Each structure stands twice: as C-alpha cells, then as structure tokens.
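> One structure coming up, written as structure tokens, with questions to follow.
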Amino acid sequence: MNIWDIAILGPIINVLIALSHYLFGSFGLAIIVLTLIIRLAMLPLTLRQLRASKKLQDLQGKLAELQKKYARDQQKLAAEQMKLYRESGISPLGCLLPMLIQMPIWIALYQSIIRVSGTSPDSFLSLSSYLYSWDAVYAALPVDNMFIGMNLAYPNIVLALLVGVSMWVQQKMTTPLTQDPNQRTQGQGMLIMMPLMFTFLSITFPSGLALYWLASNIFSIILQYFISGWGSLRFGKARPPVGGVIEGKKVVKKDEGSAGKRQDGRRSEKGG
Amino acid sequence: MTQYLKSSLGLSLAVLFVFLLGCTGSVPLTGWSGVAVADGKLVLGSLSGEMVILGDSGEVLDRVPLVEGTAGGLGCASSGPTVYIYGTPACDGDMVYVAASDGKLYVINLAGLSGSIYLDESNPQPIFSSPVIWDQYIYITSSDGKVYCLDKGSLKEVWHYEAKDKIWATPVIYDESLFVGSFDGSVYALDLLDGGLLWKFEGGGAFVSHVVIADDTLYVGSLDRYFYAIDINTGERVWKSQEAAGRWFWTNAVVIGDSVYAPCLDGKVYVFDRHDGDLETTVDLGSPISSSPLLVQDKMILVTEDGEIYSIDQSHQAQQIADLGYEVQAPLGYGEGVVYIHTQTKETVLAIDVDTGAILWSTPLR
C-alpha cells in the first residue's frame with residue numbers, strides 16, 4: 001500500500017461502503033451523500049471561486065473598454081487586463097482550483113467504484129486489502145450497484161447526457177458575457193467542449209462516477225444561483241453586456257447610469 | 001492569451017489528467033484458471049484466453065484460442081484478450097469444458113474448439129466458476145445469479161435456479177444434491193435433477209468459495225469474515241466461528257481428521273475443531289491466500305499470493321515446500337504426487353513434487 005492508497009483511496013472506499021450501509025444499502029445514495037460531504041468541505045473555496053466569477057462578469061465593461069482602447073497593442077492589452085484583474089483581486093485561473101482539488105477525488109472515486117462494485121474477481125479481491133475493520137463496512141458488502149434502474153458499475157448513456165447538460169448549465173451560468181468576438185467564440189467553444197468531454201468520460205467510465213459529477217454539478221448550480229442568480233443563462237432575449245454590442249444592438253455605456261444594476265446578475269436576472 | 005484560452009487549456013489538461021490517472025487506477029482482468037489433470041495431459045486456460053494442453057512433461061501439445069483477436073487498446077481499455085478464464089476446465093474423456101468471462105461455455109476436443117454456447121444469450125454475464133460434470137449433465141454458475149444444468153451432449157439447458165445475486169462459487173455435488181454459495185449471502189441446496197430448492201442457509205456475508213463436505217456437514221467461509229458449518233440435510237447452522245478473521249475467507253477450506261483448515265486473505269490459516277467450531281490455532285503464512293488449496297495424503301497443500309508453497313499436517317505445523325517468487329491466485333492442480341501451479345506473473349505452469357518440493361519442470365506460457 002502506498003501513500004495514495006492509505007491517505008485517499010482507502011478512506012474513500014471505506015466511507016463509501018459504510019455510507020451505503022447506513023443508507024439502506026444503496027451505493028448510489030452513498031455516492032450522492034459523499035458528493036455533498038466533499039462539496040460542503042470545499043464550500044469556502046467554491047464560494048471564493050463563485051464570487052471571483054461574478055466579479056469577472058462585473059468587469060466585462062471595463063475589459064471591453066480596454067479592448068477598444070488597446071485594440072492595436074495586444075501586449076499592452078494583456079498587461080492592462082492583468083492589472084485590472086490584480087486590482088480587483090481576481091485570478092483568471094482561480095476557477096481551476098476547486099477542479100484541481102477535486103481531481104484526486106475523481107480518480108479515487110473511479111478506483112473505488114471499480115473495486116467496490118465487484119464486476120470482476122481481480123478488482124473485488126483487491127478491495128479486501130483496503131477495508132477497515134469496521135463492522136459497517138463488512139456488513140455492507142457486497143453493495144447493491146443498482147440505483148434507480150442503473151447499474152453503477154457500468155456506463156449509462158442517460159446519466160452521461162445529464163452530466164453533459166448539467167455541466168453546460170453550470171458553465172453557462174458562470175461564463176461572463178462579452179462583446180469581444182474572439183473571447184465570445186472561445187467562450188462558446190469551451191461552453192460546449194467541457195460538457196462534451198465530461199459526457200464522453202461518463203460514457204467511458206462507470207456510471208457511479210457520472211453520478212458524482214451530476215450531483216456535484218447540481219450542487220454547483222444551486223450554489224451559483226444563490227450567489228449570482230442565473231448569470232449568463234437566460235431564458236429570454238439576450239441582454240448585451242455593459243459597454244458592448246451583441247448582435248448589432250446598441251452599446252450600453254457604463255456612464256449611462258444603468259451599469260450598476262445591470263452588472264448585478266442576480267437582481268437583473270430575477271427581474272426579467 | 002485570453003482567460004478563456006487559459007481556462008480551456010487548463011481544464012482540458014485537467015480532464016486528460018483524470019482520464020489517464022483513472023486508467024492507471026483500474027484493475028485489469030487477468031484470469032486465473034487452475035490446471036485440470038486428465039489421461040496424462042494437463043489442461044488450463046491461459047491469461048491470453050486460450051485453452052492450453054500440456055503433456056505430462058510440460059511440453060505444449062496444443063493451444064486453442066477461445067475467441068480470435070484482441071479487444072481494447074483505445075483510451076482506458078488496454079489491449080488484451082476478449083475472454084478471460086477463471087475457472088478450472090472440466091475434463092470428460094476427450095472433451096474439455098470451460099467457462100469464460102464472455103458468459104459462454106466452451107467445449108474443446110483434441111481436434112480443437114468443438115463448440116460454445118451462451119448460458120443466457122439475451123443477457124450474457126461473466127462466468128468466473130468451474131463447470132462440474134455429473135452423469136450426462138454439466139452444472140455451472142454465473143454472475144447473472146443462476147445455477148445452470150445443461151445436457152452434456154446437446155448443451156441445451158435442462159433447468160436453472162436463480163439466486164438473488166451473482167454466483168462466483170463453483171457448485172459442489174454430493175448425494176444427488178448440489179450445494180453452492182452466492183453473493184446474496186446464502187448457501188443453496190438444490191435437487192440435481194430438477195433444480196428444486198431443498199434448503200437455503202442465510203449467512204452474514206457473500207460466499208465466494210465452494211463448500212467442503214465431510215460427514216453430512218458443509219464447511220464454508222464467508223466475506224463477513226466468519227466461518228460456517230451447516231447441516232447438509234436441513235441447512236441449519238451447526239456452528240459459526242466465534243470471532244471474525246482479519247479479512248475475507250476467499251477460498252475453500254480443507255478437512256483433515258477432526259479439524260477444518262480455512263485459509264484467509266489475512267495470510268493465516270484458521271484451524272477449527274470441525275465438531276464445535278472452537279478455534280484450535282492459527283497458522284500465519286504472512287501472505288494472503290486466495291488460491292484454492294489441496295488435500296493430499298492427509299496434508300493441506302496451499303500456495304500464498306507471494307508464491308510460497310506450504311504443506312500443513314494434522315499437527316498444524318506448516319512446512320514450506322517451495323518458494324516460486326511468482327504471484328499465484330489460480331487453484332492448485334494435483335495428480336500422482338505432483339502439484340501443478342499456474343502463476344499469474346510471468347505466466348508459467350510448474351510441476352512440483354509434493355514430497356520433496358523439487359520443481360520437476362516449468363513451462364512458460366508467454
């Protein structure tokens with residue numbers, strides 16, 4: 001057993017099995033509850049990220065001005081953008097941190113599901129070396145892999161699609177509106193790429209991992225809603241960003257007096 | 001570089017990282033077929049999904065692939081055989097029967113592959129147990145939770161009995177009854193001829209190993225870490241070990257005299273009084289025991305996962321016969337004073353003299 005097995009994989013395996021013992025023997029419920037525990041433990045970090053994301057949205061007006069001002073000098077533009085981020089206390093890559101922290105958990109969860117689900121003698125036999133001497137652990141094995149009609153040991157297309165959709169919604173809520181066509185193209189590309197990638201991974205991996213991603217996405221969506229409303233996810237006509245033009249509509253300048261309200265995503269979204 | 005580009009790149013790398021590390025964390029199937037001995041020939045399933053027939057000096061007589069080609073090689077799936085063989089082949093005259101992870105029972109004769117059949121064509125599930133032949137029938141269990149009885153000639157299903165969860169244990173036939181444990185935590189006694197349930201014993205955990213029978217009592221260990229003795233006629237519990245073992249009882253026990261020797265994944269052999277279940281002693285071998293042991297000349301012959309071969313006699317003393325240095329999970333085979341071992345690392349078949357521990361021959365299969 002190496003440090004990974006002792007410090008990460010072992011605890012996750014045992015907590016998952018013990019949770020399923022206390023949750024009516026349901027491995028699916030155990031994965032959902034484990035997701036909530038992990039996401040709650042990461043809540044301070046997530047809140048920081050969401051607030052940074054909202055700040056980023058609020059900065060779009062200033063960023064647009066910078067882009068207009070330094071349209072011919074990309075180096076200067078980048079420097080000014082970084083300066084603006086720094087002054088606003090935002091790290092553009094800050095949103096990666098919760099994902100980076102969760103990566104070992106994804107890997108461990110994947111490895112746990114492979115072993116706990118007992119699809120082959122090799123993986124199930126290897127599970128034995130990870131088990132703690134908790135009665136709840138031994139009483140729960142073998143766990144019930146079936147969860148609302150899905151076998152969590154195998155990929156499930158419905159769950160994979162739900163992961164993709166929920167990730168798109170979450171991404172859309174946090175993607176800043178921008179007038180810059182390049183950024184908009186890249187943003188839209190990323191908006192599609194990430195859900196597609198996770199849908200593909202969900203089709204490849206056991207659906208237990210997809211269940212974790214789905215529960216995690218739903219958690220993020222709810223949290224995001226309470227922080228900044230629906231953000232860029234609008235169910236009506238497109239609202240142009242401050243200081244920019246979208247699809248030929250009139251530029252709304254910050255100095256026209258409505259920027260403050262419009263930049264408040266939650267208020268403006270709820271208002272219409 | 002824009003924030004989107006940075007984020008895209010970062011997230012793409014992150015997901016790729018997950019993908020790659022996820023791949024390394026998987027546990028690949030290997031197969032651990034035991035060696036069957038019949039008419040001076042040895043038959044086993046290799047790790048590459050072939051049936052291998054060896055002569056009594058270890059020479060390879062034939063290799064019969066169950067399925068042509070390989071699978072995988074894309075993404076997480078590493079390239080490998082399309083079928084894996086975990087059960088020991090069953091020999092009947094010139095015919096050899098073996099089950100595989102693709103849910104099929106294969107029949108091989110000396111001329112090669114003779115035929116194959118899905119136990120359940122509509123929902124094939126992996127088979128990790130060995131077929132058992134009795135009279136004109138073949139009995140086999142499957143991960144679909146069923147015990148199947150097939151006609152040996154036509155391979156047509158005669159009956160099946162369905163447990164509540166998958167079955168990896170090989171059935172044991174005794175006195176016109178069939179006994180088998182399931183992942184559902186029960187041991188079943190079935191009528192051999194019609195599959196009718198005679199009784200069901202409910203333990204505290206899954207049963208993976210096959211039962212052992214002595215004097216109208218079944219002995220079997222469970223994944224709940226307890227060992228059970230069950231009345232063969234009524235299915236009532238005769239005794240249960242008083243304390244949990246360190247880990248699972250993964251493989252079968254052996255009965256010698258008045259004692260039951262139960263190997264465990266905690267590296268110990270638990271020796272119980274077979275009448276009342278009192279723990280007489282434990283023999284610590286220091287490495288998990290997942291390979292099925294043998295009873296030879298009133299001695300238990302077993303091999304640890306580290307490849308150390310021991311014999312334990314009625315005085316409960318363990319004597320090391322040999323140290324292979326290879327990982328072994330496959331059941332041991334035996335014939336005329338020789339133990340046959342199929343190793344999982346550096347796949348090799350070895351013949352070892354049970355008295356002297358001398359390696360008579362070894363045949364690499366790769």
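Following the order of the structure tokens, first chain is A, next is B, and so on, with residues numbered from 1 inside each chain and ligands from 1 in the order they appear.
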Using only C-alpha atoms, which protein or nucleic acid residues come within 8 Å of Ala245 in chain B? Drop anything in the same chain fewer than 5 positions from it, and give the result as a PyMOL selection string.
chain B and resi 225-226+264+266
> Could you write out that same residue set with all heavy atoms as a PDB file, in the first residue's frame?

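Saved the output as part31.pdb:
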ATOM      1  N   ARG B 225     -16.190 -12.540   7.141  1.00  0.00           N
ATOM      2  CA  ARG B 225     -15.004 -12.938   7.916  1.00  0.00           C
ATOM      3  C   ARG B 225     -15.297 -14.042   8.936  1.00  0.00           C
ATOM      4  O   ARG B 225     -14.490 -14.307   9.819  1.00  0.00           O
ATOM      5  CB  ARG B 225     -14.373 -11.727   8.629  1.00  0.00           C
ATOM      6  CG  ARG B 225     -13.868 -10.661   7.682  1.00  0.00           C
ATOM      7  CD  ARG B 225     -13.308  -9.488   8.420  1.00  0.00           C
ATOM      8  NE  ARG B 225     -14.344  -8.764   9.138  1.00  0.00           N
ATOM      9  CZ  ARG B 225     -14.115  -7.896  10.101  1.00  0.00           C
ATOM     10  NH1 ARG B 225     -12.874  -7.644  10.487  1.00  0.00           N
ATOM     11  NH2 ARG B 225     -15.099  -7.260  10.701  1.00  0.00           N
ATOM     12  N   TYR B 226     -16.470 -14.644   8.828  1.00  0.00           N
ATOM     13  CA  TYR B 226     -16.795 -15.763   9.718  1.00  0.00           C
ATOM     14  C   TYR B 226     -16.800 -17.068   8.913  1.00  0.00           C
ATOM     15  O   TYR B 226     -17.013 -17.067   7.692  1.00  0.00           O
ATOM     16  CB  TYR B 226     -18.161 -15.558  10.388  1.00  0.00           C
ATOM     17  CG  TYR B 226     -18.129 -14.484  11.445  1.00  0.00           C
ATOM     18  CD1 TYR B 226     -18.419 -13.154  11.133  1.00  0.00           C
ATOM     19  CD2 TYR B 226     -17.776 -14.783  12.767  1.00  0.00           C
ATOM     20  CE1 TYR B 226     -18.364 -12.153  12.092  1.00  0.00           C
ATOM     21  CE2 TYR B 226     -17.733 -13.788  13.728  1.00  0.00           C
ATOM     22  CZ  TYR B 226     -18.019 -12.481  13.388  1.00  0.00           C
ATOM     23  OH  TYR B 226     -17.961 -11.508  14.342  1.00  0.00           O
ATOM     24  N   CYS B 264      -7.206 -17.795   4.736  1.00  0.00           N
ATOM     25  CA  CYS B 264      -7.857 -16.474   4.771  1.00  0.00           C
ATOM     26  C   CYS B 264      -6.966 -15.461   4.059  1.00  0.00           C
ATOM     27  O   CYS B 264      -5.747 -15.649   3.940  1.00  0.00           O
ATOM     28  CB  CYS B 264      -8.076 -16.080   6.231  1.00  0.00           C
ATOM     29  SG  CYS B 264      -8.891 -14.498   6.462  1.00  0.00           S
ATOM     30  N   ASP B 266      -6.103 -12.756   5.203  1.00  0.00           N
ATOM     31  CA  ASP B 266      -5.204 -12.079   6.143  1.00  0.00           C
ATOM     32  C   ASP B 266      -3.872 -12.813   6.273  1.00  0.00           C
ATOM     33  O   ASP B 266      -3.026 -12.442   7.094  1.00  0.00           O
ATOM     34  CB  ASP B 266      -5.869 -11.903   7.513  1.00  0.00           C
ATOM     35  CG  ASP B 266      -6.195 -13.225   8.193  1.00  0.00           C
ATOM     36  OD1 ASP B 266      -5.799 -14.282   7.669  1.00  0.00           O
ATOM     37  OD2 ASP B 266      -6.858 -13.203   9.248  1.00  0.00           O
TER      38      ASP B 266
END
> Write down as an MDAnalysis selection string the residues of range 79-125 of chain A whose backbone DSSP state falls under helix (DSSP H, G or I).
chainID A and resid 79:88 96:116 121:125
> For those residues, write N, CA and C atoms to a file as an mmCIF file, in the first residue's frame.

data_model
loop_
_atom_site.group_PDB
_atom_site.id
_atom_site.type_symbol
_atom_site.label_atom_id
_atom_site.label_comp_id
_atom_site.auth_asym_id
_atom_site.auth_seq_id
_atom_site.Cartn_x
_atom_site.Cartn_y
_atom_site.Cartn_z
ATOM 1 N N ALA A 79 -1.365 43.311 -20.539
ATOM 2 C CA ALA A 79 -0.820 43.874 -19.294
ATOM 3 C C ALA A 79 -1.886 44.638 -18.537
ATOM 4 N N GLU A 80 -2.675 45.404 -19.272
ATOM 5 C CA GLU A 80 -3.734 46.200 -18.620
ATOM 6 C C GLU A 80 -4.819 45.284 -18.053
ATOM 7 N N GLN A 81 -5.116 44.236 -18.779
ATOM 8 C CA GLN A 81 -6.119 43.275 -18.269
ATOM 9 C C GLN A 81 -5.634 42.639 -16.973
ATOM 10 N N MET A 82 -4.370 42.228 -16.977
ATOM 11 C CA MET A 82 -3.827 41.603 -15.774
ATOM 12 C C MET A 82 -3.818 42.590 -14.619
ATOM 13 N N LYS A 83 -3.538 43.846 -14.938
ATOM 14 C CA LYS A 83 -3.529 44.887 -13.909
ATOM 15 C C LYS A 83 -4.939 45.047 -13.319
ATOM 16 N N LEU A 84 -5.908 45.033 -14.218
ATOM 17 C CA LEU A 84 -7.304 45.167 -13.774
ATOM 18 C C LEU A 84 -7.710 43.985 -12.888
ATOM 19 N N TYR A 85 -7.302 42.800 -13.317
ATOM 20 C CA TYR A 85 -7.602 41.606 -12.505
ATOM 21 C C TYR A 85 -6.960 41.730 -11.125
ATOM 22 N N ARG A 86 -5.697 42.170 -11.145
ATOM 23 C CA ARG A 86 -4.951 42.255 -9.885
ATOM 24 C C ARG A 86 -5.603 43.269 -8.960
ATOM 25 N N GLU A 87 -5.974 44.409 -9.529
ATOM 26 C CA GLU A 87 -6.594 45.453 -8.712
ATOM 27 C C GLU A 87 -7.940 45.004 -8.150
ATOM 28 N N SER A 88 -8.601 44.151 -8.913
ATOM 29 C CA SER A 88 -9.924 43.678 -8.468
ATOM 30 C C SER A 88 -9.817 42.423 -7.605
ATOM 31 N N LEU A 96 -10.004 27.229 -11.593
ATOM 32 C CA LEU A 96 -9.460 25.874 -11.780
ATOM 33 C C LEU A 96 -9.192 25.171 -10.454
ATOM 34 N N LEU A 97 -9.000 25.981 -9.399
ATOM 35 C CA LEU A 97 -8.546 25.395 -8.140
ATOM 36 C C LEU A 97 -9.504 24.330 -7.584
ATOM 37 N N PRO A 98 -10.807 24.647 -7.472
ATOM 38 C CA PRO A 98 -11.695 23.595 -6.946
ATOM 39 C C PRO A 98 -11.661 22.341 -7.810
ATOM 40 N N MET A 99 -11.524 22.540 -9.128
ATOM 41 C CA MET A 99 -11.482 21.378 -10.015
ATOM 42 C C MET A 99 -10.194 20.583 -9.810
ATOM 43 N N LEU A 100 -9.095 21.310 -9.653
ATOM 44 C CA LEU A 100 -7.818 20.630 -9.413
ATOM 45 C C LEU A 100 -7.851 19.844 -8.111
ATOM 46 N N ILE A 101 -8.477 20.455 -7.103
ATOM 47 C CA ILE A 101 -8.546 19.771 -5.804
ATOM 48 C C ILE A 101 -9.434 18.537 -5.888
ATOM 49 N N GLN A 102 -10.466 18.654 -6.713
ATOM 50 C CA GLN A 102 -11.390 17.510 -6.829
ATOM 51 C C GLN A 102 -10.815 16.362 -7.665
ATOM 52 N N MET A 103 -9.809 16.662 -8.447
ATOM 53 C CA MET A 103 -9.290 15.616 -9.354
ATOM 54 C C MET A 103 -8.843 14.343 -8.642
ATOM 55 N N PRO A 104 -8.067 14.470 -7.554
ATOM 56 C CA PRO A 104 -7.713 13.229 -6.842
ATOM 57 C C PRO A 104 -8.948 12.481 -6.345
ATOM 58 N N ILE A 105 -9.985 13.251 -6.007
ATOM 59 C CA ILE A 105 -11.205 12.599 -5.515
ATOM 60 C C ILE A 105 -11.881 11.850 -6.656
ATOM 61 N N TRP A 106 -11.898 12.456 -7.842
ATOM 62 C CA TRP A 106 -12.479 11.755 -9.004
ATOM 63 C C TRP A 106 -11.736 10.448 -9.247
ATOM 64 N N ILE A 107 -10.426 10.562 -9.242
ATOM 65 C CA ILE A 107 -9.615 9.366 -9.526
ATOM 66 C C ILE A 107 -9.873 8.295 -8.477
ATOM 67 N N ALA A 108 -9.862 8.734 -7.214
ATOM 68 C CA ALA A 108 -10.078 7.772 -6.120
ATOM 69 C C ALA A 108 -11.478 7.178 -6.200
ATOM 70 N N LEU A 109 -12.434 8.024 -6.564
ATOM 71 C CA LEU A 109 -13.810 7.533 -6.660
ATOM 72 C C LEU A 109 -13.926 6.504 -7.789
ATOM 73 N N TYR A 110 -13.278 6.812 -8.884
ATOM 74 C CA TYR A 110 -13.268 5.861 -10.010
ATOM 75 C C TYR A 110 -12.678 4.525 -9.570
ATOM 76 N N GLN A 111 -11.537 4.601 -8.930
ATOM 77 C CA GLN A 111 -10.880 3.373 -8.476
ATOM 78 C C GLN A 111 -11.741 2.647 -7.434
ATOM 79 N N SER A 112 -12.414 3.424 -6.585
ATOM 80 C CA SER A 112 -13.270 2.826 -5.543
ATOM 81 C C SER A 112 -14.435 2.079 -6.176
ATOM 82 N N ILE A 113 -15.089 2.740 -7.122
ATOM 83 C CA ILE A 113 -16.267 2.128 -7.749
ATOM 84 C C ILE A 113 -15.883 0.833 -8.461
ATOM 85 N N ILE A 114 -14.744 0.872 -9.155
ATOM 86 C CA ILE A 114 -14.264 -0.328 -9.856
ATOM 87 C C ILE A 114 -14.114 -1.490 -8.868
ATOM 88 N N ARG A 115 -13.555 -1.185 -7.706
ATOM 89 C CA ARG A 115 -13.300 -2.255 -6.739
ATOM 90 C C ARG A 115 -14.560 -2.672 -5.988
ATOM 91 N N VAL A 116 -15.316 -1.675 -5.531
ATOM 92 C CA VAL A 116 -16.468 -1.985 -4.669
ATOM 93 C C VAL A 116 -17.576 -2.690 -5.446
ATOM 94 N N PRO A 121 -13.394 -10.688 -10.405
ATOM 95 C CA PRO A 121 -12.711 -11.210 -9.215
ATOM 96 C C PRO A 121 -11.432 -10.441 -8.893
ATOM 97 N N ASP A 122 -10.719 -9.986 -9.921
ATOM 98 C CA ASP A 122 -9.458 -9.277 -9.675
ATOM 99 C C ASP A 122 -9.694 -8.002 -8.856
ATOM 100 N N SER A 123 -10.646 -7.173 -9.340
ATOM 101 C CA SER A 123 -10.876 -5.904 -8.663
ATOM 102 C C SER A 123 -11.487 -6.120 -7.284
ATOM 103 N N PHE A 124 -12.374 -7.102 -7.184
ATOM 104 C CA PHE A 124 -13.034 -7.335 -5.896
ATOM 105 C C PHE A 124 -12.045 -7.906 -4.879
ATOM 106 N N LEU A 125 -11.166 -8.753 -5.360
ATOM 107 C CA LEU A 125 -10.158 -9.324 -4.462
ATOM 108 C C LEU A 125 -9.232 -8.225 -3.941
#
> For CA of Val208 in chain B and CA of Gly149 in chain A, quote the distance in Å rounded to one decimal.
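Interatomic distance, CA of Val208 in chain B to CA of Gly149 in chain A: 25.5 Å.
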> If you run DSSP over the backbone, which residues in range 129-159 of chain B end up strand (DSSP E or B)? Put them as a PyMOL selection string.
chain B and resi 132-134+137-141+146-151+157-159
> Excluding Asp120 in chain B and any residue of its chain fewer than 3 positions from it, enumerate the residues within 9 Å of it, using only C-alpha atoms, and give them as a ChimeraX atom specification.
/B:103-104,117,123-125,144
> For CA of Gly307 in chain B and CA of Pro11 in chain A, determine how far apart the two atoms are, in Å to one decimal place.
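So the answer is 29.4 Å.
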> What does the structure give for the distance between CA of Ile140 in chain B and CA of Gly335 in chain B, in Å to one decimal?
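Those two atoms sit 23.6 Å apart.
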> When you look at Leu196 in chain A with a cut-off of 7 Å (counting only C-alpha atoms), what residues show up, excluding the ones that are within fewer than 4 positions of it in the same chain? I need them as a VMD selection string.
chain A and resid 164 192 200
> Just N, CA, C and O atoms for this one: save the residues we selected as a PDB file, in the first residue's frame.

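And here's again01.pdb as it stands now:
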ATOM      1  N   GLY A 164     -23.632  15.989 -19.021  1.00  0.00           N
ATOM      2  CA  GLY A 164     -23.330  16.994 -20.042  1.00  0.00           C
ATOM      3  C   GLY A 164     -24.239  18.212 -19.931  1.00  0.00           C
ATOM      4  O   GLY A 164     -23.768  19.353 -19.939  1.00  0.00           O
ATOM      5  N   ILE A 192     -19.167  24.400 -24.868  1.00  0.00           N
ATOM      6  CA  ILE A 192     -19.575  23.136 -25.483  1.00  0.00           C
ATOM      7  C   ILE A 192     -18.560  22.031 -25.182  1.00  0.00           C
ATOM      8  O   ILE A 192     -18.912  20.894 -24.900  1.00  0.00           O
ATOM      9  N   PHE A 200     -18.443  12.376 -22.657  1.00  0.00           N
ATOM     10  CA  PHE A 200     -17.638  11.271 -23.178  1.00  0.00           C
ATOM     11  C   PHE A 200     -17.033  10.446 -22.041  1.00  0.00           C
ATOM     12  O   PHE A 200     -17.074   9.209 -22.049  1.00  0.00           O
TER      13      PHE A 200
END
> Near Tyr310 in chain B, within 9 Å and counting only C-alpha atoms, which residues show up once chain neighbours fewer than 4 positions away are dropped, as an NGL selection string?
:B and (285 or 300-304 or 318-323)
> Next, the residues of the selection above should be written as a PDB file, in the first residue's frame with all heavy atoms.

ATOM      1  N   LEU B 285       0.991 -17.469   7.621  1.00  0.00           N
ATOM      2  CA  LEU B 285       1.899 -17.665   6.484  1.00  0.00           C
ATOM      3  C   LEU B 285       2.390 -16.338   5.906  1.00  0.00           C
ATOM      4  O   LEU B 285       3.206 -16.324   4.999  1.00  0.00           O
ATOM      5  CB  LEU B 285       1.208 -18.494   5.393  1.00  0.00           C
ATOM      6  CG  LEU B 285       0.721 -19.877   5.831  1.00  0.00           C
ATOM      7  CD1 LEU B 285       0.079 -20.617   4.668  1.00  0.00           C
ATOM      8  CD2 LEU B 285       1.861 -20.704   6.410  1.00  0.00           C
ATOM      9  N   MET B 300      -2.596 -30.573   3.968  1.00  0.00           N
ATOM     10  CA  MET B 300      -3.142 -29.484   3.158  1.00  0.00           C
ATOM     11  C   MET B 300      -1.977 -28.857   2.385  1.00  0.00           C
ATOM     12  O   MET B 300      -0.966 -28.492   2.977  1.00  0.00           O
ATOM     13  CB  MET B 300      -3.775 -28.435   4.071  1.00  0.00           C
ATOM     14  CG  MET B 300      -4.330 -27.240   3.360  1.00  0.00           C
ATOM     15  SD  MET B 300      -4.661 -25.931   4.540  1.00  0.00           S
ATOM     16  CE  MET B 300      -6.040 -25.151   3.782  1.00  0.00           C
ATOM     17  N   ILE B 301      -2.129 -28.773   1.076  1.00  0.00           N
ATOM     18  CA  ILE B 301      -1.115 -28.120   0.249  1.00  0.00           C
ATOM     19  C   ILE B 301      -1.709 -26.794  -0.219  1.00  0.00           C
ATOM     20  O   ILE B 301      -2.812 -26.769  -0.781  1.00  0.00           O
ATOM     21  CB  ILE B 301      -0.737 -28.967  -0.984  1.00  0.00           C
ATOM     22  CG1 ILE B 301      -0.359 -30.386  -0.556  1.00  0.00           C
ATOM     23  CG2 ILE B 301       0.391 -28.309  -1.764  1.00  0.00           C
ATOM     24  CD1 ILE B 301       0.887 -30.504   0.270  1.00  0.00           C
ATOM     25  N   LEU B 302      -1.010 -25.726   0.048  1.00  0.00           N
ATOM     26  CA  LEU B 302      -1.534 -24.435  -0.379  1.00  0.00           C
ATOM     27  C   LEU B 302      -0.406 -23.513  -0.809  1.00  0.00           C
ATOM     28  O   LEU B 302       0.762 -23.745  -0.470  1.00  0.00           O
ATOM     29  CB  LEU B 302      -2.365 -23.783   0.722  1.00  0.00           C
ATOM     30  CG  LEU B 302      -1.672 -23.181   1.939  1.00  0.00           C
ATOM     31  CD1 LEU B 302      -2.620 -22.271   2.667  1.00  0.00           C
ATOM     32  CD2 LEU B 302      -1.169 -24.268   2.875  1.00  0.00           C
ATOM     33  N   VAL B 303      -0.789 -22.489  -1.544  1.00  0.00           N
ATOM     34  CA  VAL B 303       0.194 -21.520  -2.018  1.00  0.00           C
ATOM     35  C   VAL B 303      -0.318 -20.124  -1.677  1.00  0.00           C
ATOM     36  O   VAL B 303      -1.508 -19.846  -1.784  1.00  0.00           O
ATOM     37  CB  VAL B 303       0.468 -21.686  -3.540  1.00  0.00           C
ATOM     38  CG1 VAL B 303      -0.792 -21.490  -4.361  1.00  0.00           C
ATOM     39  CG2 VAL B 303       1.554 -20.744  -4.021  1.00  0.00           C
ATOM     40  N   THR B 304       0.585 -19.283  -1.211  1.00  0.00           N
ATOM     41  CA  THR B 304       0.202 -17.906  -0.889  1.00  0.00           C
ATOM     42  C   THR B 304       0.286 -17.060  -2.164  1.00  0.00           C
ATOM     43  O   THR B 304       0.837 -17.498  -3.177  1.00  0.00           O
ATOM     44  CB  THR B 304       1.147 -17.310   0.169  1.00  0.00           C
ATOM     45  OG1 THR B 304       2.454 -17.187  -0.404  1.00  0.00           O
ATOM     46  CG2 THR B 304       1.213 -18.190   1.418  1.00  0.00           C
ATOM     47  N   ALA B 318       3.195 -25.864   9.684  1.00  0.00           N
ATOM     48  CA  ALA B 318       3.370 -25.520   8.270  1.00  0.00           C
ATOM     49  C   ALA B 318       4.807 -25.752   7.851  1.00  0.00           C
ATOM     50  O   ALA B 318       5.729 -25.346   8.554  1.00  0.00           O
ATOM     51  CB  ALA B 318       2.999 -24.058   8.053  1.00  0.00           C
ATOM     52  N   GLN B 319       4.961 -26.405   6.729  1.00  0.00           N
ATOM     53  CA  GLN B 319       6.312 -26.635   6.212  1.00  0.00           C
ATOM     54  C   GLN B 319       6.377 -26.075   4.801  1.00  0.00           C
ATOM     55  O   GLN B 319       5.553 -26.418   3.944  1.00  0.00           O
ATOM     56  CB  GLN B 319       6.605 -28.132   6.206  1.00  0.00           C
ATOM     57  CG  GLN B 319       8.025 -28.433   5.763  1.00  0.00           C
ATOM     58  CD  GLN B 319       8.254 -29.930   5.592  1.00  0.00           C
ATOM     59  OE1 GLN B 319       7.399 -30.756   5.922  1.00  0.00           O
ATOM     60  NE2 GLN B 319       9.413 -30.267   5.049  1.00  0.00           N
ATOM     61  N   GLN B 320       7.340 -25.202   4.581  1.00  0.00           N
ATOM     62  CA  GLN B 320       7.451 -24.621   3.243  1.00  0.00           C
ATOM     63  C   GLN B 320       8.035 -25.653   2.282  1.00  0.00           C
ATOM     64  O   GLN B 320       9.090 -26.236   2.552  1.00  0.00           O
ATOM     65  CB  GLN B 320       8.328 -23.370   3.252  1.00  0.00           C
ATOM     66  CG  GLN B 320       8.236 -22.616   1.941  1.00  0.00           C
ATOM     67  CD  GLN B 320       9.059 -21.336   1.930  1.00  0.00           C
ATOM     68  OE1 GLN B 320      10.278 -21.383   1.779  1.00  0.00           O
ATOM     69  NE2 GLN B 320       8.396 -20.218   2.075  1.00  0.00           N
ATOM     70  N   ILE B 321       7.327 -25.867   1.198  1.00  0.00           N
ATOM     71  CA  ILE B 321       7.781 -26.827   0.194  1.00  0.00           C
ATOM     72  C   ILE B 321       8.650 -26.131  -0.845  1.00  0.00           C
ATOM     73  O   ILE B 321       9.691 -26.644  -1.251  1.00  0.00           O
ATOM     74  CB  ILE B 321       6.575 -27.486  -0.510  1.00  0.00           C
ATOM     75  CG1 ILE B 321       5.752 -28.280   0.503  1.00  0.00           C
ATOM     76  CG2 ILE B 321       7.029 -28.393  -1.639  1.00  0.00           C
ATOM     77  CD1 ILE B 321       4.477 -28.851  -0.093  1.00  0.00           C
ATOM     78  N   ALA B 322       8.216 -24.972  -1.273  1.00  0.00           N
ATOM     79  CA  ALA B 322       8.968 -24.252  -2.308  1.00  0.00           C
ATOM     80  C   ALA B 322       8.591 -22.783  -2.281  1.00  0.00           C
ATOM     81  O   ALA B 322       7.551 -22.410  -1.717  1.00  0.00           O
ATOM     82  CB  ALA B 322       8.657 -24.844  -3.684  1.00  0.00           C
ATOM     83  N   ASP B 323       9.428 -21.963  -2.846  1.00  0.00           N
ATOM     84  CA  ASP B 323       9.149 -20.531  -2.973  1.00  0.00           C
ATOM     85  C   ASP B 323       9.331 -20.158  -4.435  1.00  0.00           C
ATOM     86  O   ASP B 323      10.452 -20.083  -4.933  1.00  0.00           O
ATOM     87  CB  ASP B 323      10.094 -19.726  -2.078  1.00  0.00           C
ATOM     88  CG  ASP B 323       9.760 -18.244  -2.101  1.00  0.00           C
ATOM     89  OD1 ASP B 323       8.825 -17.860  -2.837  1.00  0.00           O
ATOM     90  OD2 ASP B 323      10.419 -17.468  -1.379  1.00  0.00           O
TER      91      ASP B 323
END
